[in-house]
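To be precise, the following lines are final_19.cif, and they hold mmCIF, C-alpha atoms and all ligand atoms.
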```cif
data_coords
#
loop_
_atom_site.label_atom_id
_atom_site.label_comp_id
_atom_site.auth_asym_id
_atom_site.auth_seq_id
_atom_site.Cartn_x
_atom_site.Cartn_y
_atom_site.Cartn_z
CA MET A 165 11.93 19.10 -18.43
CA LYS A 166 13.79 15.86 -19.21
CA GLU A 167 12.85 12.62 -17.45
CA PHE A 168 16.14 12.47 -15.51
CA ASP A 169 15.93 16.11 -14.42
CA PHE A 170 12.40 15.48 -13.26
CA ILE A 171 13.44 12.46 -11.20
CA ARG A 172 16.33 14.41 -9.69
CA SER A 173 13.94 17.25 -8.81
CA ILE A 174 11.63 15.00 -6.80
CA GLN A 175 14.36 12.95 -5.11
CA PRO A 176 14.31 13.38 -1.30
CA ASP A 177 17.42 14.78 0.42
CA PHE A 178 17.09 12.32 3.30
CA TYR A 179 15.02 9.35 4.51
CA ARG A 180 13.08 9.46 7.75
CA GLN A 181 12.58 5.71 8.22
CA SER A 182 15.48 3.53 9.28
CA SER A 183 13.79 0.66 7.41
CA VAL A 184 14.83 2.22 4.07
CA VAL A 185 17.98 0.36 3.02
CA LYS A 186 17.93 1.68 -0.56
CA GLY A 187 15.65 4.45 -1.77
CA ILE A 188 15.56 6.25 -5.11
CA GLY A 189 18.56 5.67 -7.39
CA ASP A 190 18.82 1.98 -8.20
CA ASP A 191 16.68 -0.56 -10.06
CA ALA A 192 14.37 -0.96 -7.09
CA ALA A 193 14.04 0.07 -3.46
CA ILE A 194 14.93 -2.11 -0.47
CA VAL A 195 13.25 -1.90 2.91
CA ARG A 196 13.99 -4.09 5.91
CA HIS A 197 11.49 -5.04 8.62
CA THR A 198 12.30 -7.83 11.05
CA ASN A 199 9.68 -7.63 13.78
CA GLU A 200 6.61 -6.53 11.86
CA ASP A 201 4.36 -7.71 9.09
CA VAL A 202 4.61 -5.52 5.98
CA ILE A 203 1.38 -4.14 4.47
CA THR A 204 1.33 -3.25 0.77
CA THR A 205 -1.43 -1.41 -1.04
CA VAL A 206 -1.81 0.39 -4.34
CA ASP A 207 -4.47 2.80 -5.58
CA THR A 208 -4.52 4.65 -8.85
CA MET A 209 -6.03 8.04 -9.61
CA VAL A 210 -6.98 8.96 -13.15
CA GLU A 211 -7.76 12.40 -14.56
CA ASN A 212 -11.53 12.92 -15.00
CA VAL A 213 -12.29 9.82 -12.92
CA HIS A 214 -10.83 10.72 -9.52
CA PHE A 215 -10.04 14.38 -10.14
CA SER A 216 -10.49 17.10 -12.72
CA SER A 217 -9.36 20.68 -13.25
CA LYS A 218 -12.68 21.74 -11.67
CA THR A 219 -12.22 19.77 -8.47
CA THR A 220 -8.54 19.70 -7.64
CA GLU A 221 -5.39 21.78 -7.91
CA PRO A 222 -2.24 19.77 -8.71
CA PHE A 223 -1.27 19.98 -5.01
CA HIS A 224 -4.55 18.26 -4.04
CA ILE A 225 -4.12 15.55 -6.68
CA GLY A 226 -0.94 14.41 -4.94
CA TYR A 227 -2.30 14.94 -1.45
CA ARG A 228 -5.52 12.97 -1.84
CA ALA A 229 -3.96 10.17 -3.89
CA LEU A 230 -1.53 9.53 -1.06
CA ALA A 231 -4.30 9.96 1.54
CA ALA A 232 -6.42 7.29 -0.19
CA ASN A 233 -3.55 4.82 0.04
CA ILE A 234 -2.64 5.67 3.64
CA SER A 235 -6.30 5.13 4.48
CA ASP A 236 -6.01 1.51 3.28
CA ILE A 237 -2.99 1.03 5.58
CA ALA A 238 -5.07 2.44 8.46
CA ALA A 239 -7.89 0.07 7.48
CA MET A 240 -5.49 -2.84 8.08
CA GLY A 241 -4.59 -1.42 11.50
CA GLY A 242 -1.12 -0.40 10.35
CA LYS A 243 1.31 2.48 10.20
CA PRO A 244 2.36 3.84 6.78
CA THR A 245 6.11 4.02 6.28
CA SER A 246 7.05 4.60 2.64
CA TYR A 247 5.59 5.07 -0.84
CA VAL A 248 6.37 4.42 -4.49
CA VAL A 249 4.88 6.65 -7.20
CA SER A 250 4.10 5.82 -10.80
CA ILE A 251 3.05 8.80 -12.90
CA VAL A 252 1.82 9.12 -16.50
CA ILE A 253 2.31 12.71 -17.66
CA PRO A 254 0.63 14.39 -20.65
CA ASP A 255 2.69 17.04 -22.52
CA SER A 256 0.28 19.77 -21.45
CA TRP A 257 1.27 19.52 -17.77
CA SER A 258 3.89 22.10 -16.77
CA ALA A 259 6.96 21.40 -14.64
CA ALA A 260 5.43 23.60 -11.94
CA ASP A 261 2.21 21.53 -11.90
CA LEU A 262 4.20 18.32 -11.51
CA GLN A 263 6.21 19.80 -8.66
CA ALA A 264 2.92 20.80 -7.02
CA ILE A 265 1.61 17.21 -7.27
CA TYR A 266 4.76 15.96 -5.52
CA HIS A 267 4.56 18.80 -3.02
CA GLY A 268 1.02 17.62 -2.11
CA MET A 269 2.31 14.10 -1.48
CA LYS A 270 5.31 15.42 0.45
CA GLU A 271 3.16 17.51 2.80
CA LEU A 272 1.07 14.51 3.82
CA ALA A 273 4.08 12.18 3.95
CA LYS A 274 5.66 14.56 6.46
CA VAL A 275 2.63 14.21 8.76
CA PHE A 276 3.14 10.43 8.93
CA ASN A 277 6.94 10.42 8.78
CA MET A 278 6.92 8.58 5.44
CA ASP A 279 9.56 8.38 2.71
CA LEU A 280 9.28 8.46 -1.07
CA ILE A 281 11.48 5.50 -2.04
CA GLY A 282 10.92 5.07 -5.77
CA GLY A 283 8.62 5.23 -8.75
CA ASP A 284 8.28 5.39 -12.50
CA THR A 285 7.80 8.22 -15.01
CA VAL A 286 6.03 7.78 -18.37
CA SER A 287 4.49 10.22 -20.84
CA GLY A 288 0.94 9.60 -22.01
CA GLU A 289 -2.45 11.02 -22.92
CA GLN A 290 -4.00 11.50 -19.50
CA LEU A 291 -2.58 12.21 -16.07
CA VAL A 292 -2.51 8.99 -14.04
CA LEU A 293 -1.05 8.82 -10.56
CA SER A 294 -0.58 5.40 -9.02
CA ILE A 295 0.84 5.15 -5.53
CA THR A 296 2.01 2.06 -3.71
CA VAL A 297 2.26 2.51 0.03
CA LEU A 298 4.12 0.22 2.38
CA GLY A 299 3.20 0.06 6.03
CA THR A 300 3.81 -2.09 9.07
CA VAL A 301 1.72 -3.79 11.70
CA LEU A 302 2.79 -5.88 14.69
CA LYS A 303 3.06 -9.52 13.64
CA GLY A 304 -0.36 -11.13 13.39
CA LYS A 305 -2.16 -7.97 14.53
CA ALA A 306 -3.61 -6.78 11.22
CA ARG A 307 -7.34 -5.91 11.20
CA TYR A 308 -9.47 -7.78 8.65
CA ARG A 309 -12.88 -7.16 7.15
CA SER A 310 -13.70 -10.77 7.96
CA ASP A 311 -13.52 -10.48 11.77
CA ALA A 312 -17.04 -9.30 12.61
CA GLN A 313 -18.92 -11.46 15.13
CA GLU A 314 -22.47 -11.72 16.40
CA HIS A 315 -23.53 -8.91 18.84
CA ASP A 316 -20.63 -6.64 17.75
CA ILE A 317 -21.24 -2.91 17.69
CA ILE A 318 -20.79 -1.31 14.26
CA PHE A 319 -18.91 1.98 14.44
CA VAL A 320 -17.73 4.69 12.06
CA THR A 321 -15.25 7.50 12.60
CA GLY A 322 -15.92 11.12 11.69
CA THR A 323 -18.92 12.27 9.66
CA LEU A 324 -20.05 10.73 6.37
CA GLY A 325 -21.08 12.33 3.10
CA ASP A 326 -18.78 15.33 3.51
CA ALA A 327 -16.46 14.54 0.60
CA ALA A 328 -19.36 13.79 -1.76
CA CYS A 329 -20.98 17.07 -0.78
CA GLY A 330 -17.66 18.83 -1.45
CA LEU A 331 -17.40 17.15 -4.85
CA HIS A 332 -20.98 18.19 -5.67
CA LEU A 333 -20.15 21.82 -4.78
CA LEU A 334 -16.93 21.80 -6.80
CA LEU A 335 -18.73 20.43 -9.86
CA ASN A 336 -21.97 22.43 -9.62
CA ALA A 337 -21.78 25.45 -7.32
CA THR A 338 -20.51 29.00 -7.71
CA HIS A 339 -17.20 30.03 -6.13
CA LYS A 340 -19.16 32.00 -3.57
CA GLU A 341 -21.16 28.95 -2.53
CA GLN A 342 -17.97 26.88 -2.43
CA ASP A 343 -16.44 29.47 -0.10
CA ASN A 344 -19.51 29.32 2.07
CA TYR A 345 -19.09 25.54 2.42
CA ARG A 346 -15.29 25.42 2.53
CA TYR A 347 -15.41 22.60 5.11
CA PHE A 348 -16.97 20.17 2.60
CA VAL A 349 -14.68 21.24 -0.23
CA LYS A 350 -11.66 20.66 1.99
CA ARG A 351 -12.95 17.22 3.00
CA HIS A 352 -12.93 16.31 -0.69
CA GLN A 353 -9.55 17.86 -1.49
CA MET A 354 -7.59 17.07 1.65
CA PRO A 355 -8.94 13.97 3.43
CA MET A 356 -7.10 12.93 6.59
CA PRO A 357 -6.75 9.17 7.05
CA ARG A 358 -7.42 7.85 10.58
CA VAL A 359 -3.95 6.54 11.36
CA SER A 360 -3.40 7.92 14.86
CA PHE A 361 -6.75 6.60 16.13
CA ILE A 362 -6.28 3.10 14.78
CA ASN A 363 -2.70 2.87 16.01
CA GLN A 364 -3.92 3.47 19.56
CA CYS A 365 -6.30 0.50 19.32
CA GLU A 366 -3.78 -2.26 20.06
CA ASN A 367 -5.64 -3.27 23.26
CA ILE A 368 -8.86 -3.91 21.38
CA THR A 369 -8.71 -7.70 21.14
CA ARG A 370 -10.71 -8.11 17.95
CA MET A 371 -12.00 -5.66 15.40
CA SER A 372 -13.25 -5.95 11.84
CA LEU A 373 -12.20 -2.95 9.81
CA ASN A 374 -12.57 -1.31 6.39
CA ASP A 375 -12.04 2.22 5.13
CA ILE A 376 -14.70 4.24 3.38
CA SER A 377 -13.57 4.94 -0.17
CA ASP A 378 -16.74 3.92 -2.05
CA GLY A 379 -19.41 4.66 0.59
CA ILE A 380 -20.59 2.63 3.59
CA ALA A 381 -23.23 0.82 1.54
CA ASN A 382 -20.27 -0.86 -0.16
CA GLU A 383 -17.87 -1.16 2.73
CA ALA A 384 -20.47 -2.51 5.21
CA ASN A 385 -21.43 -5.15 2.63
CA GLU A 386 -17.76 -6.13 2.31
CA ILE A 387 -17.65 -6.73 6.08
CA ALA A 388 -20.95 -8.67 6.00
CA GLU A 389 -19.79 -10.85 3.09
CA THR A 390 -16.30 -11.66 4.33
CA SER A 391 -17.46 -12.21 7.94
CA ASP A 392 -20.60 -14.09 6.82
CA LYS A 393 -22.73 -12.07 9.22
CA THR A 394 -25.76 -9.74 8.97
CA LEU A 395 -25.14 -6.03 9.59
CA ILE A 396 -28.06 -3.90 10.80
CA ILE A 397 -27.44 -0.16 10.44
CA GLU A 398 -29.72 2.58 11.78
CA TYR A 399 -29.83 5.47 9.32
CA ASP A 400 -30.55 8.05 12.05
CA LYS A 401 -27.32 7.07 13.81
CA ILE A 402 -25.08 7.68 10.79
CA PRO A 403 -23.13 10.80 11.76
CA SER A 404 -23.19 13.81 9.48
CA HIS A 405 -21.86 17.34 9.72
CA SER A 406 -24.47 19.82 10.95
CA ARG A 407 -24.32 21.87 7.74
CA LEU A 408 -25.20 18.86 5.60
CA ALA A 409 -28.74 19.63 6.79
CA ASP A 410 -28.71 22.61 4.36
CA PHE A 411 -29.02 20.11 1.50
CA SER A 412 -32.04 18.00 0.52
CA HIS A 413 -32.90 14.77 2.33
CA GLU A 414 -32.27 12.87 -0.91
CA GLN A 415 -28.78 14.36 -1.24
CA GLN A 416 -27.97 13.69 2.42
CA PHE A 417 -29.18 10.09 2.07
CA LYS A 418 -27.20 9.47 -1.12
CA TRP A 419 -23.98 11.16 0.02
CA SER A 420 -23.78 9.58 3.46
CA LEU A 421 -24.51 6.04 2.24
CA THR A 422 -22.91 5.91 -1.19
CA GLY A 423 -20.89 9.10 -1.64
CA GLY A 424 -17.53 7.67 -0.69
CA GLU A 425 -14.09 9.25 -0.48
CA ASP A 426 -14.51 10.35 3.14
CA PHE A 427 -11.67 7.95 4.01
CA GLU A 428 -13.19 7.38 7.42
CA LEU A 429 -13.16 3.94 9.02
CA ILE A 430 -16.04 1.52 9.49
CA GLY A 431 -15.60 -1.45 11.78
CA THR A 432 -17.10 -3.67 14.43
CA VAL A 433 -16.01 -4.41 18.00
CA SER A 434 -17.43 -6.57 20.79
CA GLU A 435 -19.81 -4.85 23.21
CA LYS A 436 -17.25 -5.23 25.99
CA ASP A 437 -14.63 -3.25 24.04
CA TRP A 438 -16.95 -0.38 23.09
CA GLU A 439 -16.17 1.76 26.17
CA LEU A 440 -12.42 1.31 25.60
CA LEU A 441 -12.84 2.27 21.93
CA LYS A 442 -14.68 5.43 22.96
CA THR A 443 -11.85 6.31 25.38
CA ILE A 444 -9.26 5.85 22.60
CA ALA A 445 -11.36 8.00 20.27
CA LYS A 446 -11.51 10.76 22.87
CA LYS A 447 -7.76 10.58 23.49
CA THR A 448 -7.00 10.88 19.78
CA ASN A 449 -9.62 13.56 19.18
CA THR A 450 -11.60 11.26 16.90
CA LYS A 451 -15.35 11.41 16.53
CA ILE A 452 -16.78 7.92 16.77
CA SER A 453 -20.38 6.74 16.46
CA ALA A 454 -22.17 3.44 17.04
CA ILE A 455 -24.44 2.96 14.03
CA GLY A 456 -25.75 -0.57 14.43
CA THR A 457 -25.17 -4.17 15.42
CA VAL A 458 -23.98 -7.44 13.93
CA ARG A 459 -26.32 -10.43 13.86
CA ASN A 460 -25.90 -14.04 12.95
CA ASP A 461 -29.02 -14.73 10.94
CA TRP A 462 -28.43 -17.72 8.68
CA ASN A 463 -30.84 -16.58 5.99
CA LYS A 464 -29.51 -13.01 5.91
CA ASN A 465 -25.78 -13.49 6.46
CA GLY A 466 -23.62 -11.69 3.91
CA THR A 467 -26.05 -8.77 3.66
CA VAL A 468 -26.61 -5.34 5.23
CA TRP A 469 -29.97 -3.95 6.38
CA LEU A 470 -30.88 -0.32 6.94
CA GLN A 471 -33.38 0.71 9.59
CA HIS A 472 -35.00 3.90 8.28
CA ASN A 473 -38.47 5.45 8.78
CA HIS A 474 -39.61 2.41 10.82
CA GLN A 475 -38.72 0.06 8.00
CA LEU A 476 -35.90 -2.43 7.62
CA LYS A 477 -34.65 -2.49 4.01
CA LYS A 478 -31.77 -4.29 2.40
CA LEU A 479 -28.85 -1.93 1.82
CA GLU A 480 -27.46 -2.91 -1.55
CA LYS A 481 -23.79 -2.54 -2.49
CA SER A 482 -24.56 0.66 -4.34
CA GLY A 483 -21.50 2.87 -3.97
CA TYR A 484 -18.96 3.88 -6.58
CA THR A 485 -17.86 1.06 -8.87
CA HIS A 486 -15.57 1.00 -11.87
CA LEU A 487 -16.27 -1.15 -14.97
CA SER A 488 -20.01 -0.66 -14.53
CA ARG A 489 -20.76 -0.37 -18.25
N1 LIG B 1 -6.20 -5.27 -10.90
C1 LIG B 1 -6.02 -5.93 -9.74
N2 LIG B 1 -5.10 -6.93 -9.67
C2 LIG B 1 -4.92 -7.59 -8.50
N3 LIG B 1 -5.59 -7.34 -7.38
C3 LIG B 1 -6.51 -6.36 -7.39
C4 LIG B 1 -6.76 -5.61 -8.59
N4 LIG B 1 -7.72 -4.69 -8.29
C5 LIG B 1 -8.04 -4.87 -6.99
N5 LIG B 1 -7.33 -5.86 -6.44
C6 LIG B 1 -7.42 -6.37 -5.05
O1 LIG B 1 -8.81 -6.53 -4.73
C7 LIG B 1 -9.08 -6.18 -3.36
C8 LIG B 1 -10.17 -5.11 -3.30
O2 LIG B 1 -9.71 -3.93 -3.95
P1 LIG B 1 -10.45 -2.53 -3.77
O3 LIG B 1 -11.91 -2.74 -3.85
O4 LIG B 1 -9.82 -1.55 -4.67
O5 LIG B 1 -10.09 -2.18 -2.26
P2 LIG B 1 -10.08 -0.72 -1.63
O6 LIG B 1 -11.48 -0.20 -1.82
O7 LIG B 1 -9.73 -0.95 -0.20
O8 LIG B 1 -9.03 0.06 -2.37
C9 LIG B 1 -7.75 -5.76 -2.77
O9 LIG B 1 -7.16 -6.86 -2.14
C10 LIG B 1 -6.93 -5.36 -4.01
O10 LIG B 1 -5.55 -5.49 -3.77
C1 LIG B 2 -13.97 14.49 -11.11
C2 LIG B 2 -14.51 13.45 -10.16
N1 LIG B 2 -15.64 12.76 -10.48
C3 LIG B 2 -16.11 11.81 -9.63
C4 LIG B 2 -15.48 11.51 -8.47
C5 LIG B 2 -16.05 10.48 -7.53
N2 LIG B 2 -15.31 9.25 -7.38
C6 LIG B 2 -14.34 8.88 -8.24
S1 LIG B 2 -13.62 7.42 -7.77
C7 LIG B 2 -14.62 7.26 -6.42
C8 LIG B 2 -14.54 6.05 -5.50
C9 LIG B 2 -13.18 5.80 -4.91
O1 LIG B 2 -12.21 5.45 -5.89
P1 LIG B 2 -11.72 3.97 -6.16
O2 LIG B 2 -10.81 3.98 -7.32
O3 LIG B 2 -12.89 3.04 -6.23
O4 LIG B 2 -10.90 3.73 -4.84
P2 LIG B 2 -10.76 2.41 -3.95
O5 LIG B 2 -12.16 1.96 -3.61
O6 LIG B 2 -10.01 1.40 -4.77
O7 LIG B 2 -9.99 2.87 -2.75
C10 LIG B 2 -15.51 8.35 -6.35
C11 LIG B 2 -16.55 8.51 -5.30
C12 LIG B 2 -14.28 12.24 -8.20
N3 LIG B 2 -13.55 12.02 -7.09
N4 LIG B 2 -13.83 13.19 -9.05
MG MG B 3 -8.44 0.05 -4.31
MG MG B 4 -9.95 0.27 1.31
MG MG B 5 -13.28 1.29 -5.18
#
```

If you took the structure in this file and wrote it as structure tokens, what would it be?
Ligand SMILES: Nc1ncnc2c1ncn2[C@@H]1O[C@H](COP(=O)(O)OP(=O)(O)O)[C@@H](O)[C@H]1O
Ligand SMILES: Cc1ncc(C[n+]2csc(CCOP(=O)(O)OP(=O)(O)O)c2C)c(N)n1
Ligand SMILES: [Mg+2]
Ligand SMILES: [Mg+2]
Ligand SMILES: [Mg+2]
Amino acid sequence: MKEFDFIRSIQPDFYRQSSVVKGIGDDAAIVRHTNEDVITTVDTMVENVHFSSKTTEPFHIGYRALAANISDIAAMGGKPTSYVVSIVIPDSWSAADLQAIYHGMKELAKVFNMDLIGGDTVSGEQLVLSITVLGTVLKGKARYRSDAQEHDIIFVTGTLGDAACGLHLLLNATHKEQDNYRYFVKRHQMPMPRVSFINQCENITRMSLNDISDGIANEANEIAETSDKTLIIEYDKIPSHSRLADFSHEQQFKWSLTGGEDFELIGTVSEKDWELLKTIAKKTNTKISAIGTVRNDWNKNGTVWLQHNHQLKKLEKSGYTHLSR
């Protein structure tokens, strides 16, 4: 397929958002927002780093790349509205595979009423998919990692370690075992960012917030550092799916703390807002768990501590990192 035919084939027939003034078809896209702050985020997925032929069908490559970006919009307390896609395509990828990648993005975009408004197409050695998502939040109402305060309750949505367990199964287990643990495999391939929950939280006066892409050991440390507070997390309170108990304690420990890619939210709220947060979670069908508290301890601020087996140990920033060599 030629570049122009490809672009024509992925061009949307209509735009859902009235904010799109110009979509695909000019030198750049134009969106117009007058009453909201605009959120912009980009994440890139690279073959054999974020996905491989063993772990993801082309459909899932598109789906989870967009999900990862939408999750960052949710982590700012916003609503995703549109996305821009940059793709590097090796010769070996068929036209049908490329359509499937876009189909994966389109399916998730439909859920959140989002529009594809532009992108870039390049040929290269390795499949790379980079997505920029735009979103909106009421003026001045964005949620920052730096807003944790003393006595806050630390919460997480959903269950942790699921996606890492799914990845482990996809890389190491038989098809039969993968079928037996379809839930975990699906959590890796088709994560669902927590947009509806966070968009119902407008009456929570203050909340620090981060999404879990690299594992809570990382994300909790980011909250502790930027808020200059001490986070105390109780390991036994970290929620996990009941079937994670089929795996070893070491695996459960590693996946739930450092596995990443669950695209759940971790945040902190004041004690007085905790009941309201639980009500919102119930209304939006969101599992929510209190996993610890925030302290202001001058000689520990900027760090996270894990209460486990009657011991309090420093939880290092030990999740997934790039450029580690
Ligand atoms: N290459 C880069 N150039 C400019 N800013 C970057 C680059 N990489 C990361 N950032 C910025 O650093 C911050 C942390 O990025 P990252 O750890 O990837 O966040 P997340 O885990 O939420 O995706 C973000 O503000 C991001 O925009
Ligand atoms: C084939 C394969 N190997 C390993 C992983 C695990 N993995 C890759 S990147 C990553 C962390 C999240 O990606 P990153 O680019 O750091 O996203 P960000 O933190 O910027 O949102 C993890 C756990 C994977 N998803 N697929
Ligand atoms: Mg990132
Ligand atoms: Mg993030
Ligand atoms: Mg990362």

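Put simply, atom MG of ligand MG 4 (chain B) is 12.0 Å away from CA of Gly431 in chain A.
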
Taking all atoms listed in the file into account, produce a table as a Markdown table in which each residue of chain A with an atom at most 8 Å from an atom of ligand MG 5 (chain B) appears once, together with its shortest atom pair and the distance in Å to one decimal, ordered by chain and rising number.
```
| residue | atom | partner | partner_atom | distance |
| --- | --- | --- | --- | --- |
| A:Ser377 | CA | B:MG5 | MG | 6.2 |
| A:Asp378 | CA | B:MG5 | MG | 5.4 |
| A:Tyr484 | CA | B:MG5 | MG | 6.4 |
| A:Thr485 | CA | B:MG5 | MG | 5.9 |
| A:His486 | CA | B:MG5 | MG | 7.1 |
```

Please save C-alpha atoms of the selected residues as a short mmCIF file (atom, residue, chain, number, x, y, z; two decimals), in the coordinates of the input.
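Full text of again27.cif as output:
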```cif
data_model
loop_
_atom_site.label_atom_id
_atom_site.label_comp_id
_atom_site.auth_asym_id
_atom_site.auth_seq_id
_atom_site.Cartn_x
_atom_site.Cartn_y
_atom_site.Cartn_z
CA SER A 377 -13.57 4.94 -0.17
CA ASP A 378 -16.74 3.92 -2.05
CA TYR A 484 -18.96 3.88 -6.58
CA THR A 485 -17.86 1.06 -8.87
CA HIS A 486 -15.57 1.00 -11.87
#
```

Nearest residue to Thr390 in chain A from the set A:Gly325, A:Thr422, A:Trp469, A:Arg309 (distances using only C-alpha atoms):
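Closest to Thr390 in chain A, using only C-alpha atoms: A:Arg309.
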
Report as JSON lines: every residue of chain A with an atom at most 7 Å from ligand LIG 2 (chain B), its closest pair of atoms, and their distance in Å to one decimal, counting all atoms listed in the file, with rows sorted by chain and ascending residue number.
```
{"residue": "A:Asp207", "atom": "CA", "partner": "B:LIG2", "partner_atom": "O6", "distance": 5.8}
{"residue": "A:Thr208", "atom": "CA", "partner": "B:LIG2", "partner_atom": "O2", "distance": 6.5}
{"residue": "A:Met209", "atom": "CA", "partner": "B:LIG2", "partner_atom": "O2", "distance": 6.7}
{"residue": "A:Asn212", "atom": "CA", "partner": "B:LIG2", "partner_atom": "C1", "distance": 4.9}
{"residue": "A:Val213", "atom": "CA", "partner": "B:LIG2", "partner_atom": "C2", "distance": 5.1}
{"residue": "A:His214", "atom": "CA", "partner": "B:LIG2", "partner_atom": "N3", "distance": 3.9}
{"residue": "A:Phe215", "atom": "CA", "partner": "B:LIG2", "partner_atom": "C1", "distance": 4.0}
{"residue": "A:Ser216", "atom": "CA", "partner": "B:LIG2", "partner_atom": "C1", "distance": 4.6}
{"residue": "A:Thr219", "atom": "CA", "partner": "B:LIG2", "partner_atom": "C1", "distance": 6.2}
{"residue": "A:Ala232", "atom": "CA", "partner": "B:LIG2", "partner_atom": "O7", "distance": 6.2}
{"residue": "A:Ala328", "atom": "CA", "partner": "B:LIG2", "partner_atom": "C11", "distance": 7.0}
{"residue": "A:Leu331", "atom": "CA", "partner": "B:LIG2", "partner_atom": "C12", "distance": 6.7}
{"residue": "A:Ser377", "atom": "CA", "partner": "B:LIG2", "partner_atom": "O5", "distance": 4.8}
{"residue": "A:Asp378", "atom": "CA", "partner": "B:LIG2", "partner_atom": "C8", "distance": 4.6}
{"residue": "A:Gly423", "atom": "CA", "partner": "B:LIG2", "partner_atom": "C11", "distance": 5.7}
{"residue": "A:Gly424", "atom": "CA", "partner": "B:LIG2", "partner_atom": "C11", "distance": 4.8}
{"residue": "A:Glu425", "atom": "CA", "partner": "B:LIG2", "partner_atom": "C11", "distance": 5.5}
{"residue": "A:Tyr484", "atom": "CA", "partner": "B:LIG2", "partner_atom": "C8", "distance": 5.0}
{"residue": "A:Thr485", "atom": "CA", "partner": "B:LIG2", "partner_atom": "O3", "distance": 6.0}
{"residue": "A:His486", "atom": "CA", "partner": "B:LIG2", "partner_atom": "O3", "distance": 6.6}
```

Write out, as a tab-separated table, each residue of chain A that has an atom at most 7 Å from ligand MG 4 (chain B), together with the closest pair of atoms and their distance in Å to one decimal, counting all atoms listed in the file, rows going by chain and rising number.
```
residue	atom	partner	partner_atom	distance
A:Ser235	CA	B:MG4	MG	6.9
A:Asp236	CA	B:MG4	MG	4.6
A:Ala239	CA	B:MG4	MG	6.5
A:Asn374	CA	B:MG4	MG	5.9
A:Asp375	CA	B:MG4	MG	4.8
A:Ile376	CA	B:MG4	MG	6.5
A:Ser377	CA	B:MG4	MG	6.1
```

Size and centre in Å, one decimal, axis-aligned box, all listed range 455-463 of chain A atoms plus 6 Å per side, as AutoDock Vina command-line options:
```
--center_x -27.4 --center_y -7.4 --center_z 10.7 --size_x 18.9 --size_y 32.7 --size_z 21.4
```

CA of Phe411 in chain A to CA of His472 in chain A, straight-line distance in Å
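Going from CA of His472 in chain A over to CA of Phe411 in chain A, I get 18.6 Å.
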
Atomic distance CA of Pro355 in chain A - CA of Ala327 in chain A, expressed in Å with one decimal:
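Result for CA of Pro355 in chain A versus CA of Ala327 in chain A: 8.1 Å, one decimal.
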